[in-house]
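To start, the structure itself, in structure tokens.
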Amino acid sequence: MTAILKEREWGLPPVRGRYTENAPLGEVGWFRCGGAAEVLFKPADQDDLVSFLAQCPSHIPVTTLGVLSNTIVRDGGVRGVVIRLGKEFAAIETQSGGLVRAGAMALDGNVAQAAAKASVAGLEFFSGIPGTIGGALRMNAGCYGSETQDVLVEVTAVDRTGLVHKMTPADMGMSYRHTGTPEEYVFTEALFQGRPGKEDDIRAFMAGIKEKRGASQPIREKTGGSTFANPTAEEVEKAGLSAGTKVWQLIDRAGCRGLTIGGAMMSELHANFMINTGMATATALEALGEEVRRRVLADSGISLRWEIKRIGEPLAK
């Protein structure tokens with residue numbers, strides 16, 4: 001436990017983990033920009049997390065973050081306490097019957113690799129998703145025809161009062177790039193159901209995903225993955241566009257491929273990927289996204305929905 005000034009000022013409970021004041025978040029995020037957390041809390045384990053949430057004063061804002069692979073942290077930082085789970089929540093266990101249990105901080109790619117090693121098929125798509133299992137649960141992440149809810153059996157989460165919940169996909173109200181679980185819930189682990197497969201076939205499938213990603217996405221840049229969600233079939237039909245029109249096509253139509261604002265750019269390789277070309281601020285990234293939304297709305301009448309999460313406060317003027 002590390003004592004800090006805010007611990008006394010705010011009446012934060014004693015913990016076995018660690019509190020850190022004014023903890024920079026930009027340096028750990030994939031965009032490599034953004035502000036700091038007023039207080040960062042890394043719990044020692046689930047019991048420590050439960051104890052903290054049960055005792056933390058209700059007026060203190062609490063936000064949970066993973067590896068910030070699809071998050072813009074605004075330049076003014078995040079108020080209150082930011083919970084960031086550590087390696088204690090990154091365990092992966094393969095079980096009989098094609099089951100795979102993973103902590104919320106386990107990297108999606110590591111889960112796919114563990115499943116492959118155990119000859120469990122069906123989880124290969126996780127190798128194409130940046131970030132952690134917690135993030136995949138929060139947004140029902142998916143790619144190449146599969147999404148998290150397709151293989152999810154059960155989730156463990158802790159609410160703002162410290163109660164532990166076990167939930168099924170039906171309980172969570174999962175849909176395309178969305179989970180209905182309250183934002184205050186902190187996911188700690190998930191249980192997935194795969195199917196029997198041959199390790200060589202599984203690894204060949206994953207190699208194909210890696211090749212496709214490398215050829216079509218700016219994976220070596222400072223990026224947060226897909227910026228906007230694909231439009232619904234109803235939106236596409238109403239706009240008079242071809243069935244199956246993707247968001248990158250809408251961005252292209254509006255002339256936004258390569259569009260740049262202050263070091264933030266929509267990738268030339270994949271128009272739906274926003275990248276930090278060097279010294280972009282979070283303000284520039286968000287401004288670029290909003291400009292793309294404005295232009296696409298003017299061009300096609302479709303209002304794009306952010307897939308990247310944006311948190312925190314703008315920089316005070």
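In the structure tokens, chains take the letters A, B, ... in the order shown, each chain's residues start at 1, and ligands count up from 1 in the order shown.
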
Selection: 8 Å around Pro231 of chain A, only C-alpha atoms, excl. self and same-chain fewer than 3 positions, as a short mmCIF file (atom, residue, chain, number, x, y, z; two decimals) with N, CA and C atoms, in the first residue's frame:
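File produced: part-v6.cif:
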data_model
loop_
_atom_site.label_atom_id
_atom_site.label_comp_id
_atom_site.auth_asym_id
_atom_site.auth_seq_id
_atom_site.Cartn_x
_atom_site.Cartn_y
_atom_site.Cartn_z
N GLU A 235 -29.68 2.05 -41.79
CA GLU A 235 -29.06 3.32 -42.14
C GLU A 235 -28.57 3.32 -43.58
N VAL A 236 -27.99 2.20 -43.99
CA VAL A 236 -27.48 2.08 -45.36
C VAL A 236 -28.63 2.15 -46.36
N THR A 245 -22.59 -1.78 -47.18
CA THR A 245 -21.64 -0.67 -47.18
C THR A 245 -20.97 -0.54 -45.82
N LYS A 246 -19.65 -0.45 -45.82
CA LYS A 246 -18.87 -0.37 -44.59
C LYS A 246 -18.53 1.08 -44.25
N VAL A 247 -18.16 1.29 -43.00
CA VAL A 247 -17.87 2.64 -42.55
C VAL A 247 -16.66 3.22 -43.27
N ILE A 302 -25.56 9.79 -42.93
CA ILE A 302 -25.36 8.80 -41.86
C ILE A 302 -24.50 9.41 -40.76
N LEU A 304 -22.09 8.82 -37.95
CA LEU A 304 -21.18 7.77 -37.49
C LEU A 304 -21.17 7.69 -35.96
#

Just want the 12 Å neighbourhood of segment 250-258 of chain A, counted on only C-alpha atoms, with same-chain residues fewer than 2 positions away dropped. Output as a short mmCIF file (atom, residue, chain, number, x, y, z; two decimals) with C-alpha atoms, in the first residue's frame.
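The new file selection_24.cif reads:
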data_model
loop_
_atom_site.label_atom_id
_atom_site.label_comp_id
_atom_site.auth_asym_id
_atom_site.auth_seq_id
_atom_site.Cartn_x
_atom_site.Cartn_y
_atom_site.Cartn_z
CA THR A 227 -12.53 4.51 -35.07
CA PHE A 228 -16.22 4.22 -35.94
CA ALA A 229 -18.73 1.35 -35.97
CA ASN A 230 -20.19 0.14 -39.25
CA PRO A 231 -23.60 1.60 -40.15
CA GLU A 235 -29.06 3.32 -42.14
CA VAL A 236 -27.48 2.08 -45.36
CA ALA A 239 -29.16 6.52 -47.44
CA LEU A 241 -26.40 2.95 -50.59
CA SER A 242 -25.47 -0.60 -51.55
CA GLY A 244 -23.25 -4.10 -46.83
CA THR A 245 -21.64 -0.67 -47.18
CA LYS A 246 -18.87 -0.37 -44.59
CA VAL A 247 -17.87 2.64 -42.55
CA TRP A 248 -14.49 2.95 -44.29
CA THR A 260 -5.13 15.44 -41.02
CA ILE A 261 -5.61 17.77 -38.05
CA GLY A 263 -0.71 15.45 -36.22
CA ALA A 264 -3.82 13.26 -36.12
CA MET A 265 -4.61 11.52 -39.41
CA MET A 266 -7.12 9.10 -40.88
CA SER A 267 -4.87 6.37 -42.24
CA GLU A 268 -4.14 6.15 -45.94
CA LEU A 269 -4.00 2.37 -45.58
CA HIS A 270 -7.38 1.98 -43.86
CA ALA A 271 -9.68 5.00 -43.79
CA ASN A 272 -11.38 3.96 -40.54
CA PHE A 273 -8.12 3.91 -38.57
CA MET A 274 -7.04 7.11 -36.85
CA ILE A 275 -3.32 7.45 -36.18
CA ASN A 276 -1.05 9.74 -34.22
CA THR A 277 1.64 10.63 -36.75
CA LEU A 288 -10.38 14.87 -36.39
CA GLY A 289 -12.97 12.26 -35.53
CA GLU A 290 -15.70 14.87 -35.20
CA GLU A 291 -14.70 16.45 -38.51
CA VAL A 292 -14.97 13.05 -40.19
CA ARG A 293 -18.41 12.58 -38.64
CA ARG A 294 -19.48 16.01 -39.91
CA ARG A 295 -18.31 15.33 -43.45
CA VAL A 296 -19.83 11.85 -43.62
CA LEU A 297 -23.16 13.16 -42.34
CA ALA A 298 -23.13 15.89 -44.98
CA ASP A 299 -22.22 13.40 -47.72
CA SER A 300 -24.43 10.41 -46.94
CA GLY A 301 -26.78 11.46 -44.18
CA ILE A 302 -25.36 8.80 -41.86
CA SER A 303 -24.25 9.82 -38.37
CA LEU A 304 -21.18 7.77 -37.49
#

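Using only C-alpha atoms, the smallest distance between any of A:Ala44, A:Val82, A:Val73, A:Ala190 and Thr283 of chain A comes from A:Val73.
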
From the DSSP assignment of the backbone, select every residue of segment 70-258 of chain A that is strand (DSSP E or B), and format the answer as a ChimeraX atom specification.
-> /A:71-73,78-84,92-94,99-103,107,120-121,132,142-143,146-147,152-158,164-167,175,178,186-193,195-196,222-226,228

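Compared by their closest atoms to Gly208 of chain A, and using only C-alpha atoms, the residues A:Thr156, A:Arg220, A:Gly128, A:Arg177 rank with A:Gly128 nearest.
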
Would you give me, as a list in words, the residues in segment 27-87 of chain A that DSSP reads as helix (DSSP H, G or I)?
-> Gln46, Asp47, Asp48, Leu49, Val50, Ser51, Phe52, Leu53, Ala54, Gln55 and Lys87 of chain A

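Nearest residue to Gln46 of chain A, choosing from A:Glu237, A:Glu211, A:Glu189, A:Glu313 and counting only C-alpha atoms: A:Glu189.
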
Using only C-alpha atoms: which of A:Ala141, A:Val153, A:Ala204, A:Val186 has the shortest distance to Asp171 of chain A | A:Val153

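Minimum atom-to-atom distances from A:Lys210, A:Arg138, A:Arg32, A:His178 to Met279 of chain A were compared using only C-alpha atoms, and the lowest value belongs to A:Arg32.
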
Long-range neighbours of segment 50-65 of chain A as a ChimeraX atom specification, 6 Å cut-off, only C-alpha atoms, 5 positions minimum in chain = /A:12-13,80-84,160-162

Write out as a PyMOL selection string which residues come within 8 Å of Ile133 of chain A when counting only C-alpha atoms, dropping same-chain ones fewer than 6 positions away.
-> chain A and resi 102-108+189-190

Fewer than 4 positions away in the same chain doesn't count, so skip those; otherwise give me all residues within 12 Å of Glu124 of chain A, counting only C-alpha atoms, as a PyMOL selection string.
-> chain A and resi 108-117+119-120+128-129+142-148+151+194-195+197+199+201-210
